[in-house]
Amino acid sequence: MISVRHLTKSFPTSNGRPIQALRDISCEIHEGEIVSIIGHSGCGKSTLLRALNLLDPPTAGEILVNGENILVKGYPAHQLRQKMGMVFQHFNLFNHLTVLENVTLAPMKLRGLDRTQAEQEGIEFLRKVGLAEKAQAMPSALSGGQKQRAAIARTLAMRPNIILFDEPTSALDPTMVGEVQGVIRLLAQEKMTMLIVTHEMRFARDISSRILFMHDGIIYEEGTPEQIFSHPQRPATQAFVRRIRSLTFDITNNDFDFYDMTTQIKQFCIRYSMPEKMDPITHVVEEMLVLMRKYDSPIHIEVTYSELNQTSTIAIIHKGETLSPFEREDTDELAVMIIHGMSNDIHTEQTPEGIKLTFAM
């Protein structure tokens with residue numbers, strides 16, 4: 001469907017030395033593929049999508065869409081955007097229009113539908129994304145996840161052949177990420193061709209037929225999800241997919257905001273697509289605090305998640321302790337039973353900072 005050949009994109013700067021955001025990009029996108037584009041911030045992911053949709057016209061190269069070079073002078077960009085829809089980070093809904101009016105506006109103006117037909121189709125697309133009952137609501141009455149689903153319905157209403165998603169969940173509260181991902185999974189089941197720029201590695205691994213890893217303005221490595229996440233070949237790819245995400249807390253007194261800590265742990269689990277570990281991690285941390293706080297010394301907690309192995313751990317350092325709580329005679333047996341019920345892999349070691357307990361979750 002799309003053939004990109006030697007694409008470059010430069011942005012002018014005040015010092016006269018342009019920034020080259022894309023450097024000699026070449027790739028093919030086939031009908032029915034779901035291609036996720038991953039990489040560090042600033043590597044050119046979003047610029048590539050915007051170049052494909054002519055929102056940021058490339059500096060040089062070719063883009064062929066169904067055999068047509070869309071970079072020839074005078075090519076009608078509005079016709080391209082009817083075939084190639086785009087969903088942005090920040091929804092871009094018209095706040096003075098209802099949800100249904102947002103969905104029907106472009107089909108009436110660009111597809112030539114009358115209002116009745118546009119509204120009938122619009123309701124069907126809203127139903128597809130789970131928002132039919134919000135058809136007459138204003139965007140201000142919607143949550144972030146609902147706004148993004150409305151933006152997807154608006155894109156679908158143009159009946160595109162391909163949809164570009166530019167980090168569709170990055171502006172959302174972690175609790176709303178799943179609902180938008182669910183809609184994209186539904187489109188994948190329907191064989192919609194999609195390019196998805198995302199930082200959600202587990203989502204990309206699960207949904208994609210192919211992964212493009214971008215680095216410093218080029219497609220540095222590409223392959224199946226199995227190849228990229230389990231057997232990356234090049235150094236920058238290996239470093240990227242083996243990243244460890246972490247959340248840390250230092251508890252020095254009883255005035256620490258434990259409620260906020262629990263909320264952060266839950267958001268961390270949702271952000272990295274491991275909601276099933278939310279309660280076990282929270283319970284282990286809470287029970288360890290019960291055991292350790294009575295010894296009245298600072299506690300360091302670190303929750304980590306490996307994007308490569310999709311494994312999580314909890315490390316707790318009780319500063320100044322010489323014995324693990326599991327080795328003390330006055331340790332609460334019920335708390336120990338609860339902890340062992342949540343994690344059957346517990347490692348204890350003495351470090352310069354104190355006794356360190358690591359729980360595999």
# chains A, B, ... in the order shown; residues from 1 in each chain; ligands from 1
>>> residues_around(residues="segment 260-272 of chain A", least_positions_apart="6", cutoff="8 Å", atoms="only C-alpha atoms", output="ChimeraX atom specification")
/A:174-175,177,200-202,247,249,278-279,281-282,303,305
>>> write_last_selection(atoms="N, CA and C atoms", output="mmCIF file, in the first residue's frame")
data_model
loop_
_atom_site.group_PDB
_atom_site.id
_atom_site.type_symbol
_atom_site.label_atom_id
_atom_site.label_comp_id
_atom_site.auth_asym_id
_atom_site.auth_seq_id
_atom_site.Cartn_x
_atom_site.Cartn_y
_atom_site.Cartn_z
ATOM 1 N N PRO A 174 -3.127 6.696 33.006
ATOM 2 C CA PRO A 174 -2.844 5.267 32.850
ATOM 3 C C PRO A 174 -4.081 4.372 32.916
ATOM 4 N N THR A 175 -5.093 4.773 33.688
ATOM 5 C CA THR A 175 -6.290 3.946 33.817
ATOM 6 C C THR A 175 -7.107 3.901 32.534
ATOM 7 N N VAL A 177 -5.682 3.885 29.331
ATOM 8 C CA VAL A 177 -4.906 3.373 28.198
ATOM 9 C C VAL A 177 -5.564 2.137 27.600
ATOM 10 N N GLU A 200 4.315 1.940 24.251
ATOM 11 C CA GLU A 200 3.793 0.794 24.993
ATOM 12 C C GLU A 200 4.362 -0.485 24.376
ATOM 13 N N MET A 201 5.452 -0.984 24.940
ATOM 14 C CA MET A 201 6.177 -2.086 24.312
ATOM 15 C C MET A 201 5.382 -3.391 24.322
ATOM 16 N N ARG A 202 4.702 -3.669 25.411
ATOM 17 C CA ARG A 202 3.938 -4.922 25.462
ATOM 18 C C ARG A 202 2.805 -4.886 24.444
ATOM 19 N N LEU A 247 10.274 2.417 39.680
ATOM 20 C CA LEU A 247 9.551 3.359 40.528
ATOM 21 C C LEU A 247 10.145 3.216 41.918
ATOM 22 N N PHE A 249 10.826 4.682 46.096
ATOM 23 C CA PHE A 249 10.329 5.442 47.241
ATOM 24 C C PHE A 249 11.365 5.341 48.371
ATOM 25 N N MET A 278 -0.931 -5.634 39.894
ATOM 26 C CA MET A 278 -1.157 -4.440 40.701
ATOM 27 C C MET A 278 -1.427 -4.809 42.172
ATOM 28 N N ASP A 279 -2.359 -5.719 42.407
ATOM 29 C CA ASP A 279 -2.702 -6.081 43.782
ATOM 30 C C ASP A 279 -1.589 -6.870 44.471
ATOM 31 N N ILE A 281 1.684 -6.775 43.981
ATOM 32 C CA ILE A 281 2.789 -5.865 44.308
ATOM 33 C C ILE A 281 2.417 -4.966 45.478
ATOM 34 N N THR A 282 1.201 -4.416 45.420
ATOM 35 C CA THR A 282 0.749 -3.524 46.497
ATOM 36 C C THR A 282 0.703 -4.268 47.829
ATOM 37 N N VAL A 303 10.261 -0.658 42.684
ATOM 38 C CA VAL A 303 9.471 -1.566 41.864
ATOM 39 C C VAL A 303 10.009 -1.450 40.441
ATOM 40 N N TYR A 305 10.238 -3.045 36.226
ATOM 41 C CA TYR A 305 9.595 -3.820 35.172
ATOM 42 C C TYR A 305 10.546 -3.898 33.984
#
>>> residues_around(residues="segment 294-301 of chain A", least_positions_apart="3", cutoff="7 Å", atoms="only C-alpha atoms", output="list in words")
Thr248, Phe249, Asp250, Ile251, Thr252, Leu291, Ala315, Ile316, Ile317, His318, Lys319 and Gly320 of chain A
>>> write_last_selection(atoms="N, CA, C and O atoms", output="short mmCIF file (atom, residue, chain, number, x, y, z; two decimals), in the first residue's frame")
data_model
loop_
_atom_site.label_atom_id
_atom_site.label_comp_id
_atom_site.auth_asym_id
_atom_site.auth_seq_id
_atom_site.Cartn_x
_atom_site.Cartn_y
_atom_site.Cartn_z
N THR A 248 10.61 4.32 42.51
CA THR A 248 11.32 4.22 43.80
C THR A 248 10.68 5.11 44.85
O THR A 248 10.09 6.15 44.53
N PHE A 249 10.83 4.68 46.10
CA PHE A 249 10.33 5.44 47.24
C PHE A 249 11.36 5.34 48.37
O PHE A 249 11.95 4.28 48.59
N ASP A 250 11.58 6.44 49.08
CA ASP A 250 12.41 6.45 50.28
C ASP A 250 11.53 6.89 51.44
O ASP A 250 11.05 8.03 51.48
N ILE A 251 11.33 5.99 52.38
CA ILE A 251 10.46 6.25 53.52
C ILE A 251 11.34 6.48 54.74
O ILE A 251 12.03 5.56 55.21
N THR A 252 11.34 7.70 55.22
CA THR A 252 12.22 8.06 56.33
C THR A 252 11.48 8.31 57.63
O THR A 252 12.09 8.36 58.69
N LEU A 291 6.00 -5.18 58.59
CA LEU A 291 7.08 -5.89 59.26
C LEU A 291 8.24 -4.97 59.63
O LEU A 291 8.83 -5.10 60.70
N ALA A 315 12.24 -4.58 45.17
CA ALA A 315 13.43 -4.61 46.03
C ALA A 315 13.17 -3.68 47.21
O ALA A 315 12.78 -2.53 47.02
N ILE A 316 13.38 -4.19 48.40
CA ILE A 316 13.18 -3.40 49.61
C ILE A 316 14.45 -3.47 50.44
O ILE A 316 14.94 -4.56 50.77
N ILE A 317 15.03 -2.30 50.72
CA ILE A 317 16.23 -2.23 51.55
C ILE A 317 15.86 -1.60 52.89
O ILE A 317 15.38 -0.46 52.94
N HIS A 318 16.08 -2.36 53.97
CA HIS A 318 15.85 -1.85 55.31
C HIS A 318 17.19 -1.39 55.85
O HIS A 318 18.05 -2.19 56.21
N LYS A 319 17.41 -0.07 55.81
CA LYS A 319 18.72 0.49 56.10
C LYS A 319 19.08 0.31 57.57
O LYS A 319 18.33 0.67 58.46
N GLY A 320 20.25 -0.27 57.80
CA GLY A 320 20.72 -0.43 59.17
C GLY A 320 20.41 -1.78 59.76
O GLY A 320 20.96 -2.17 60.78
#
>>> atom_distance(atom1="atom CA of Val103 of chain A", atom2="atom CA of Lys128 of chain A")
12.7 Å
>>> closest_residue(among="A:Asn309, A:Thr169, A:Asn254, A:Ser3", to="His231 of chain A", atoms="only C-alpha atoms")
A:Asn309
>>> closest_atom_pairs(of="segment 139-161 of chain A", to="segment 109-114 of chain A", cutoff="10 Å", atoms="only C-alpha atoms", output="Markdown table")
| residue | atom | partner | partner_atom | distance |
| --- | --- | --- | --- | --- |
| A:Ala157 | CA | A:Arg111 | CA | 9.6 |
| A:Met158 | CA | A:Arg111 | CA | 7.4 |
| A:Arg159 | CA | A:Arg111 | CA | 9.5 |
>>> closest_residue(among="A:Thr13, A:Ser26, A:Thr358, A:Ser246", to="Glu222 of chain A", atoms="only C-alpha atoms")
A:Ser26
>>> select_by_dssp(residues="segment 123-275 of chain A", states="strand (DSSP E or B)", output="MDAnalysis selection string")
chainID A and resid 162:166 193:197 210:215 218:223 244:251
>>> write_last_selection(atoms="N, CA and C atoms", output="mmCIF file, in the first residue's frame")
data_model
loop_
_atom_site.group_PDB
_atom_site.id
_atom_site.type_symbol
_atom_site.label_atom_id
_atom_site.label_comp_id
_atom_site.auth_asym_id
_atom_site.auth_seq_id
_atom_site.Cartn_x
_atom_site.Cartn_y
_atom_site.Cartn_z
ATOM 1 N N ILE A 162 -6.022 3.083 5.435
ATOM 2 C CA ILE A 162 -4.938 2.928 6.396
ATOM 3 C C ILE A 162 -5.088 3.999 7.462
ATOM 4 N N ILE A 163 -4.726 3.667 8.700
ATOM 5 C CA ILE A 163 -4.798 4.634 9.797
ATOM 6 C C ILE A 163 -3.410 4.770 10.422
ATOM 7 N N LEU A 164 -3.001 6.011 10.632
ATOM 8 C CA LEU A 164 -1.756 6.324 11.322
ATOM 9 C C LEU A 164 -2.099 6.744 12.749
ATOM 10 N N PHE A 165 -1.512 6.092 13.730
ATOM 11 C CA PHE A 165 -1.721 6.438 15.135
ATOM 12 C C PHE A 165 -0.430 7.028 15.689
ATOM 13 N N ASP A 166 -0.490 8.293 16.117
ATOM 14 C CA ASP A 166 0.690 8.955 16.662
ATOM 15 C C ASP A 166 0.614 8.970 18.182
ATOM 16 N N THR A 193 -5.280 -1.815 7.994
ATOM 17 C CA THR A 193 -3.847 -1.515 7.899
ATOM 18 C C THR A 193 -3.534 -0.339 8.821
ATOM 19 N N MET A 194 -2.532 -0.508 9.686
ATOM 20 C CA MET A 194 -2.242 0.529 10.675
ATOM 21 C C MET A 194 -0.746 0.697 10.878
ATOM 22 N N LEU A 195 -0.332 1.956 11.041
ATOM 23 C CA LEU A 195 1.008 2.295 11.521
ATOM 24 C C LEU A 195 0.825 2.949 12.876
ATOM 25 N N ILE A 196 1.512 2.440 13.880
ATOM 26 C CA ILE A 196 1.299 2.905 15.247
ATOM 27 C C ILE A 196 2.624 3.326 15.864
ATOM 28 N N VAL A 197 2.763 4.607 16.141
ATOM 29 C CA VAL A 197 3.893 5.086 16.942
ATOM 30 C C VAL A 197 3.503 4.914 18.402
ATOM 31 N N ARG A 210 4.706 -6.425 12.404
ATOM 32 C CA ARG A 210 6.108 -6.031 12.163
ATOM 33 C C ARG A 210 6.439 -4.827 13.040
ATOM 34 N N ILE A 211 7.702 -4.719 13.438
ATOM 35 C CA ILE A 211 8.196 -3.625 14.271
ATOM 36 C C ILE A 211 9.295 -2.881 13.511
ATOM 37 N N LEU A 212 9.193 -1.544 13.494
ATOM 38 C CA LEU A 212 10.288 -0.703 13.012
ATOM 39 C C LEU A 212 10.902 -0.009 14.222
ATOM 40 N N PHE A 213 12.184 -0.232 14.456
ATOM 41 C CA PHE A 213 12.881 0.495 15.521
ATOM 42 C C PHE A 213 13.662 1.634 14.891
ATOM 43 N N MET A 214 13.309 2.867 15.271
ATOM 44 C CA MET A 214 13.984 4.035 14.739
ATOM 45 C C MET A 214 15.013 4.551 15.725
ATOM 46 N N HIS A 215 16.121 5.025 15.164
ATOM 47 C CA HIS A 215 17.221 5.538 15.995
ATOM 48 C C HIS A 215 17.947 6.610 15.187
ATOM 49 N N ILE A 218 16.798 7.219 11.431
ATOM 50 C CA ILE A 218 16.795 6.146 10.437
ATOM 51 C C ILE A 218 16.013 4.951 10.986
ATOM 52 N N ILE A 219 15.592 4.056 10.093
ATOM 53 C CA ILE A 219 15.062 2.769 10.529
ATOM 54 C C ILE A 219 16.274 1.890 10.809
ATOM 55 N N TYR A 220 16.593 1.753 12.066
ATOM 56 C CA TYR A 220 17.830 1.126 12.511
ATOM 57 C C TYR A 220 17.740 -0.403 12.440
ATOM 58 N N GLU A 221 16.543 -0.920 12.733
ATOM 59 C CA GLU A 221 16.335 -2.372 12.672
ATOM 60 C C GLU A 221 14.845 -2.626 12.537
ATOM 61 N N GLU A 222 14.478 -3.658 11.775
ATOM 62 C CA GLU A 222 13.073 -4.026 11.654
ATOM 63 C C GLU A 222 12.946 -5.532 11.627
ATOM 64 N N GLY A 223 11.768 -5.996 12.013
ATOM 65 C CA GLY A 223 11.522 -7.431 12.023
ATOM 66 C C GLY A 223 10.212 -7.732 12.703
ATOM 67 N N ILE A 244 14.967 -1.136 31.718
ATOM 68 C CA ILE A 244 14.281 -1.459 32.962
ATOM 69 C C ILE A 244 13.537 -0.212 33.432
ATOM 70 N N ARG A 245 12.240 -0.332 33.581
ATOM 71 C CA ARG A 245 11.437 0.756 34.121
ATOM 72 C C ARG A 245 11.382 0.607 35.636
ATOM 73 N N SER A 246 11.456 1.724 36.346
ATOM 74 C CA SER A 246 11.482 1.603 37.807
ATOM 75 C C SER A 246 10.699 2.725 38.478
ATOM 76 N N LEU A 247 10.274 2.417 39.680
ATOM 77 C CA LEU A 247 9.551 3.359 40.528
ATOM 78 C C LEU A 247 10.145 3.216 41.918
ATOM 79 N N THR A 248 10.614 4.315 42.508
ATOM 80 C CA THR A 248 11.318 4.219 43.797
ATOM 81 C C THR A 248 10.677 5.109 44.851
ATOM 82 N N PHE A 249 10.826 4.682 46.096
ATOM 83 C CA PHE A 249 10.329 5.442 47.241
ATOM 84 C C PHE A 249 11.365 5.341 48.371
ATOM 85 N N ASP A 250 11.579 6.437 49.078
ATOM 86 C CA ASP A 250 12.407 6.449 50.277
ATOM 87 C C ASP A 250 11.531 6.889 51.441
ATOM 88 N N ILE A 251 11.329 5.986 52.382
ATOM 89 C CA ILE A 251 10.455 6.248 53.524
ATOM 90 C C ILE A 251 11.339 6.480 54.741
#
>>> select_by_dssp(residues="segment 74-166 of chain A", states="alpha helix (DSSP H)", output="ChimeraX atom specification")
/A:77-83,99-110,115-128,144-156
>>> closest_residue(among="A:Arg154, A:Asp255, A:Ser324, A:His96", to="Ile123 of chain A", atoms="only C-alpha atoms")
A:Arg154
>>> closest_residue(among="A:Glu119, A:Glu167, A:Glu31, A:Glu101", to="Phe203 of chain A", atoms="only C-alpha atoms")
A:Glu167
>>> residues_around(residues="Asp332 of chain A", least_positions_apart="4", cutoff="9 Å", atoms="only C-alpha atoms", output="VMD selection string")
chain A and resid 290 to 291 325 to 326 336 to 337
>>> decode(residues="segment 289-317 of chain A", atoms="N, CA and C atoms", output="mmCIF file, in the first residue's frame")
data_model
loop_
_atom_site.group_PDB
_atom_site.id
_atom_site.type_symbol
_atom_site.label_atom_id
_atom_site.label_comp_id
_atom_site.auth_asym_id
_atom_site.auth_seq_id
_atom_site.Cartn_x
_atom_site.Cartn_y
_atom_site.Cartn_z
ATOM 1 N N LEU A 289 6.056 -3.317 54.794
ATOM 2 C CA LEU A 289 6.090 -2.108 55.612
ATOM 3 C C LEU A 289 5.615 -2.403 57.038
ATOM 4 N N VAL A 290 4.605 -3.239 57.157
ATOM 5 C CA VAL A 290 4.124 -3.632 58.487
ATOM 6 C C VAL A 290 5.247 -4.304 59.270
ATOM 7 N N LEU A 291 5.996 -5.178 58.587
ATOM 8 C CA LEU A 291 7.085 -5.887 59.264
ATOM 9 C C LEU A 291 8.238 -4.966 59.629
ATOM 10 N N MET A 292 8.568 -4.059 58.729
ATOM 11 C CA MET A 292 9.823 -3.323 58.871
ATOM 12 C C MET A 292 9.697 -2.003 59.624
ATOM 13 N N ARG A 293 8.541 -1.373 59.576
ATOM 14 C CA ARG A 293 8.429 -0.033 60.171
ATOM 15 C C ARG A 293 8.591 -0.070 61.684
ATOM 16 N N LYS A 294 8.270 -1.227 62.319
ATOM 17 C CA LYS A 294 8.383 -1.268 63.783
ATOM 18 C C LYS A 294 9.834 -1.219 64.247
ATOM 19 N N TYR A 295 10.788 -1.434 63.312
ATOM 20 C CA TYR A 295 12.201 -1.349 63.685
ATOM 21 C C TYR A 295 12.742 0.061 63.528
ATOM 22 N N ASP A 296 11.884 0.981 63.060
ATOM 23 C CA ASP A 296 12.162 2.419 63.083
ATOM 24 C C ASP A 296 13.496 2.806 62.429
ATOM 25 N N SER A 297 13.664 2.386 61.165
ATOM 26 C CA SER A 297 14.815 2.854 60.393
ATOM 27 C C SER A 297 14.350 3.055 58.952
ATOM 28 N N PRO A 298 15.061 3.901 58.179
ATOM 29 C CA PRO A 298 14.611 4.232 56.818
ATOM 30 C C PRO A 298 14.467 2.997 55.931
ATOM 31 N N ILE A 299 13.532 3.065 55.003
ATOM 32 C CA ILE A 299 13.258 1.970 54.074
ATOM 33 C C ILE A 299 13.298 2.515 52.649
ATOM 34 N N HIS A 300 13.986 1.806 51.763
ATOM 35 C CA HIS A 300 14.012 2.156 50.342
ATOM 36 C C HIS A 300 13.258 1.073 49.572
ATOM 37 N N ILE A 301 12.334 1.489 48.712
ATOM 38 C CA ILE A 301 11.536 0.550 47.922
ATOM 39 C C ILE A 301 11.724 0.858 46.454
ATOM 40 N N GLU A 302 11.945 -0.187 45.646
ATOM 41 C CA GLU A 302 12.043 -0.014 44.202
ATOM 42 C C GLU A 302 11.224 -1.097 43.508
ATOM 43 N N VAL A 303 10.261 -0.658 42.684
ATOM 44 C CA VAL A 303 9.471 -1.566 41.864
ATOM 45 C C VAL A 303 10.009 -1.450 40.441
ATOM 46 N N THR A 304 10.375 -2.568 39.824
ATOM 47 C CA THR A 304 10.939 -2.517 38.477
ATOM 48 C C THR A 304 10.137 -3.401 37.523
ATOM 49 N N TYR A 305 10.238 -3.045 36.226
ATOM 50 C CA TYR A 305 9.595 -3.820 35.172
ATOM 51 C C TYR A 305 10.546 -3.898 33.984
ATOM 52 N N SER A 306 10.817 -5.112 33.532
ATOM 53 C CA SER A 306 11.662 -5.321 32.370
ATOM 54 C C SER A 306 10.785 -5.448 31.132
ATOM 55 N N GLU A 307 10.965 -4.523 30.174
ATOM 56 C CA GLU A 307 10.158 -4.570 28.959
ATOM 57 C C GLU A 307 10.521 -5.761 28.089
ATOM 58 N N LEU A 308 11.760 -6.225 28.159
ATOM 59 C CA LEU A 308 12.168 -7.349 27.332
ATOM 60 C C LEU A 308 11.544 -8.656 27.820
ATOM 61 N N ASN A 309 11.702 -8.934 29.124
ATOM 62 C CA ASN A 309 11.215 -10.199 29.671
ATOM 63 C C ASN A 309 9.806 -10.115 30.222
ATOM 64 N N GLN A 310 9.278 -8.883 30.309
ATOM 65 C CA GLN A 310 7.954 -8.640 30.869
ATOM 66 C C GLN A 310 7.853 -9.233 32.278
ATOM 67 N N THR A 311 8.926 -9.029 33.062
ATOM 68 C CA THR A 311 8.954 -9.485 34.445
ATOM 69 C C THR A 311 9.068 -8.286 35.363
ATOM 70 N N SER A 312 8.577 -8.441 36.567
ATOM 71 C CA SER A 312 8.633 -7.346 37.536
ATOM 72 C C SER A 312 9.209 -7.851 38.852
ATOM 73 N N THR A 313 9.844 -6.948 39.575
ATOM 74 C CA THR A 313 10.427 -7.281 40.880
ATOM 75 C C THR A 313 10.172 -6.143 41.851
ATOM 76 N N ILE A 314 10.243 -6.483 43.118
ATOM 77 C CA ILE A 314 10.226 -5.485 44.189
ATOM 78 C C ILE A 314 11.511 -5.664 44.981
ATOM 79 N N ALA A 315 12.237 -4.581 45.171
ATOM 80 C CA ALA A 315 13.427 -4.610 46.032
ATOM 81 C C ALA A 315 13.172 -3.678 47.208
ATOM 82 N N ILE A 316 13.377 -4.191 48.397
ATOM 83 C CA ILE A 316 13.176 -3.396 49.611
ATOM 84 C C ILE A 316 14.454 -3.466 50.438
ATOM 85 N N ILE A 317 15.026 -2.301 50.721
ATOM 86 C CA ILE A 317 16.232 -2.231 51.550
ATOM 87 C C ILE A 317 15.860 -1.598 52.885
#
